[in-house]
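*Asks:* For reference, the structure I am asking about is given below.
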Amino acid sequence: MTVSTYPRINADRLMRKIMDLASIGAIEGGGCARLALTDDDAAGRDLVVAWMNELGLTVTTDVIGNVIGTWHIGTGASVMTGSHIDTVRTGGKYDGNLGVLAGLEVIQTLQENGIEPERPISVGFFTNEEGSRFAPDMLGSLVYVGGLPVEEALDIVGIDGARVGDELERIGYNGATPCPGFAPHSFVELHIEQGPVLEQTNMIIGAVTGVQGISWQEVTVLGQSNHAGTTPMNMRKDPGYVAAAIAVFLRGLATRYGGHQVCTVGKIDLFPNLINVIPAKAVLTVDIRNTDEQILRQAEKEFAEYLIEISHSEDVVVSTRYLARFEPVEFNADVVDLISSVAKTHTQSVVHMPSGAGHDAQMFARVCPSAMIFVPSVEGVSHNPSEFTSAEDIALGTNILLQVLCELAATKEFSQ
Ligand code: HGY
Ligand code: MN
Ligand code: MN
């Protein structure tokens, strides 16, 4: 099929769905908060499942709560698309949601135009992609591809003490379909870039070549609570100070390394967290990422050495545990090239680029040829209620997704 024969998606209908879904868990500033497996996540799930049913898709829910709607046409393994509909606490309207709703819009457009691709088309939303409530992130797709036994995943306890398995049951998404799930023929995810690269390079479409490595650690610092007024500075064992020093050290490390190196201390809990008490304990999270695995390991090594040093100099006890650790992922070059060449039939503003954020596609890359399409985030802002991508860019990305999915469906097997 050539580009002139591919139908255009109904952009207004897609934008209405995006706004309808964003109204669930809506927060000030125009964003939404639907932490994984909360009631708001459940309500979002119910809405998208209803839309899947309206399209006549076969809807399955698996043991970790991943939901996949399949349009059973053609033969052979599905071409799959999708993303996530859980959000961070200060989420925007588009992160994850776009990829799921664009997939449904593609199917509806094809159905309305009487076009039946040669393979089934599946659209999935995967549990707990964000990892904010339960670590690791991309949990549902990780279990789907066999990267983590479901029993282990169900026993994960979140930042609020809730257990994944109990929450899935409570919201009624403890499905029966086993994991690992079926391996699709191929997987393509449409997602907002969530960074500034497309905008800064005046590009509109990213043909995503891979995802950078992710290292998440929880650091616990035990000191001695004491009186803020009476305790001389040289007698303190102060986890509050150590937590702050860790954040400063990591900023320095990332600046020294440069390139793609990023480090974030996103969460610090002090105990007892009172104005006149030197904290007894600090628990903080450390997110370290790089596109290069060797540099990422070097950063982790340097950080571990720093923790030993500061535990001695501040006379505190420091312990760490990994919450997530994913090596960088390369997407399938043939799929990336297909995205690039299809995109160029729509616009010349196409660039190959890695993803700074984690995505479900990086898990599917373990079992089938996978890649992603990026559309710009205005001012590179995401994980923020003001996250914004224009309706034009969303329509362009979705039209490209439609064509890529159809051409993948017409493709025999891929070289892995
Ligand atoms: O953390 C991430 O990169 C993604 O938003 N889960
Ligand atoms: Mn996302
Ligand atoms: Mn996100």
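In the structure tokens, each chain is lettered A, B, ... as it comes, each chain's residues begin at 1, and ligands are numbered from 1 in order of appearance.
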Please identify every polymer residue within 7 Å of ligand 1, using only C-alpha atoms and all ligand atoms, and present the set as a ChimeraX atom specification.

*Replies:* /A:129-131,137-138,356-359

*Asks:* Would you save the residues from that selection as a PDB file, in the first residue's frame, using N, CA, C and O atoms?

*Replies:*
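Writing the result to selection.pdb gives the following:
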```pdb
ATOM      1  N   GLU A 129       3.657   0.876  34.495  1.00  0.00           N
ATOM      2  CA  GLU A 129       4.846   1.257  33.705  1.00  0.00           C
ATOM      3  C   GLU A 129       5.659   2.281  34.490  1.00  0.00           C
ATOM      4  O   GLU A 129       6.889   2.282  34.451  1.00  0.00           O
ATOM      5  N   GLU A 130       4.987   3.172  35.205  1.00  0.00           N
ATOM      6  CA  GLU A 130       5.722   4.280  35.820  1.00  0.00           C
ATOM      7  C   GLU A 130       6.652   3.831  36.955  1.00  0.00           C
ATOM      8  O   GLU A 130       7.698   4.447  37.165  1.00  0.00           O
ATOM      9  N   GLY A 131       6.253   2.846  37.715  1.00  0.00           N
ATOM     10  CA  GLY A 131       7.121   2.411  38.800  1.00  0.00           C
ATOM     11  C   GLY A 131       7.152   3.372  39.968  1.00  0.00           C
ATOM     12  O   GLY A 131       7.949   3.240  40.891  1.00  0.00           O
ATOM     13  N   ASP A 137       9.868  -0.069  37.454  1.00  0.00           N
ATOM     14  CA  ASP A 137       8.982   0.451  36.415  1.00  0.00           C
ATOM     15  C   ASP A 137       8.918  -0.582  35.286  1.00  0.00           C
ATOM     16  O   ASP A 137       9.653  -1.562  35.264  1.00  0.00           O
ATOM     17  N   MET A 138       8.001  -0.374  34.377  1.00  0.00           N
ATOM     18  CA  MET A 138       7.709  -1.320  33.293  1.00  0.00           C
ATOM     19  C   MET A 138       7.410  -2.708  33.858  1.00  0.00           C
ATOM     20  O   MET A 138       7.730  -3.742  33.258  1.00  0.00           O
ATOM     21  N   GLY A 356      15.405   8.739  26.579  1.00  0.00           N
ATOM     22  CA  GLY A 356      15.900   8.970  27.937  1.00  0.00           C
ATOM     23  C   GLY A 356      15.016   8.299  28.972  1.00  0.00           C
ATOM     24  O   GLY A 356      15.449   7.963  30.071  1.00  0.00           O
ATOM     25  N   ALA A 357      13.751   8.105  28.607  1.00  0.00           N
ATOM     26  CA  ALA A 357      12.800   7.500  29.545  1.00  0.00           C
ATOM     27  C   ALA A 357      12.655   6.012  29.256  1.00  0.00           C
ATOM     28  O   ALA A 357      12.914   5.558  28.140  1.00  0.00           O
ATOM     29  N   GLY A 358      12.240   5.288  30.267  1.00  0.00           N
ATOM     30  CA  GLY A 358      11.948   3.870  30.084  1.00  0.00           C
ATOM     31  C   GLY A 358      10.584   3.701  29.450  1.00  0.00           C
ATOM     32  O   GLY A 358       9.722   4.566  29.592  1.00  0.00           O
ATOM     33  N   HIS A 359      10.411   2.605  28.715  1.00  0.00           N
ATOM     34  CA  HIS A 359       9.127   2.358  28.046  1.00  0.00           C
ATOM     35  C   HIS A 359       8.861   0.857  27.943  1.00  0.00           C
ATOM     36  O   HIS A 359       9.804   0.052  27.942  1.00  0.00           O
TER      37      HIS A 359
END
```

*Asks:* Skipping near chain neighbours, those fewer than 4 positions away, what residues fall within 6 Å of range 72-88 of chain A using only C-alpha atoms, listed as an NGL selection string?

*Replies:* :A and (33-36 or 41 or 96-97 or 99-100 or 118-126 or 184-189)

*Asks:* What is the distance between CA of Arg321 in chain A and CA of Val265 in chain A, in Å to one decimal?

*Replies:*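 Interatomic distance, CA of Arg321 in chain A to CA of Val265 in chain A: 14.7 Å.
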
*Asks:* For CA of Glu302 in chain A and CA of Ile246 in chain A, determine how far apart the two atoms are, in Å to one decimal place.

*Replies:*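 About the pair CA of Glu302 in chain A and CA of Ile246 in chain A: they are 11.9 Å apart.
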
*Asks:* Can you work out the spacing between CA of Tyr6 in chain A and CA of Leu402 in chain A in Å, to one decimal?

*Replies:*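 About the pair CA of Tyr6 in chain A and CA of Leu402 in chain A: they are 8.1 Å apart.
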
*Asks:* Near range 49-56 of chain A, counting only C-alpha atoms, which residues have an atom at most 7 Å away, once you skip same-chain residues fewer than 2 positions from it, shown as JSON, numbers by chain?

*Replies:* {"A": [45, 46, 47, 58, 69, 108]}

*Asks:* Please, could you write that set of residues out with N, CA and C atoms as a CSV table (one decimal), in the first residue's frame?

*Replies:*
```csv
chain,number,residue,atom,x,y,z
A,45,ARG,N,-8.7,2.2,33.4
A,45,ARG,CA,-8.7,0.9,32.8
A,45,ARG,C,-10.1,0.6,32.3
A,46,ASP,N,-11.1,0.8,33.1
A,46,ASP,CA,-12.5,0.4,32.7
A,46,ASP,C,-12.9,1.2,31.5
A,47,LEU,N,-12.5,2.5,31.4
A,47,LEU,CA,-12.9,3.3,30.3
A,47,LEU,C,-12.2,2.8,29.0
A,58,THR,N,-11.1,-8.5,20.9
A,58,THR,CA,-11.1,-9.6,21.9
A,58,THR,C,-10.2,-9.1,23.0
A,69,GLY,N,-6.2,-5.7,23.8
A,69,GLY,CA,-7.4,-5.8,22.9
A,69,GLY,C,-6.8,-6.2,21.5
A,108,GLN,N,-9.8,1.8,14.7
A,108,GLN,CA,-11.1,2.3,14.3
A,108,GLN,C,-11.0,2.9,12.9
```

*Asks:* So which one's closest to ligand 2, A:Leu98, A:Met353, A:Ala11, A:Ala282? Using only C-alpha atoms and all ligand atoms, please.

*Replies:*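 Between A:Leu98, A:Met353, A:Ala11, A:Ala282, the residue approaching ligand 2 most closely is A:Leu98.
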
*Asks:* Just list as number ranges by chain whatever in range 126-202 of chain A DSSP marks as strand (DSSP E or B).

*Replies:* A: 157, 163, 177, 186-192

*Asks:* Go ahead and save the picked residues with C-alpha atoms, as an mmCIF file, in the first residue's frame.

*Replies:*
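The resulting part18.cif:
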```
data_model
loop_
_atom_site.group_PDB
_atom_site.id
_atom_site.type_symbol
_atom_site.label_atom_id
_atom_site.label_comp_id
_atom_site.auth_asym_id
_atom_site.auth_seq_id
_atom_site.Cartn_x
_atom_site.Cartn_y
_atom_site.Cartn_z
ATOM 1 C CA VAL A 157 5.128 -3.876 48.217
ATOM 2 C CA ARG A 163 1.015 -5.325 47.809
ATOM 3 C CA THR A 177 -4.316 -15.104 31.083
ATOM 4 C CA SER A 186 6.499 -6.979 16.186
ATOM 5 C CA PHE A 187 5.831 -4.139 18.630
ATOM 6 C CA VAL A 188 5.755 -0.382 17.973
ATOM 7 C CA GLU A 189 4.926 2.199 20.645
ATOM 8 C CA LEU A 190 3.952 5.804 19.954
ATOM 9 C CA HIS A 191 5.003 8.044 22.851
ATOM 10 C CA ILE A 192 5.735 11.673 23.648
#
```

*Asks:* From a backbone DSSP assignment, name each residue in range 18-237 of chain A labelled alpha helix (DSSP H), as a ChimeraX atom specification.

*Replies:* /A:18-22,39-54,97-112,139-144,150-154,164-171,197-200
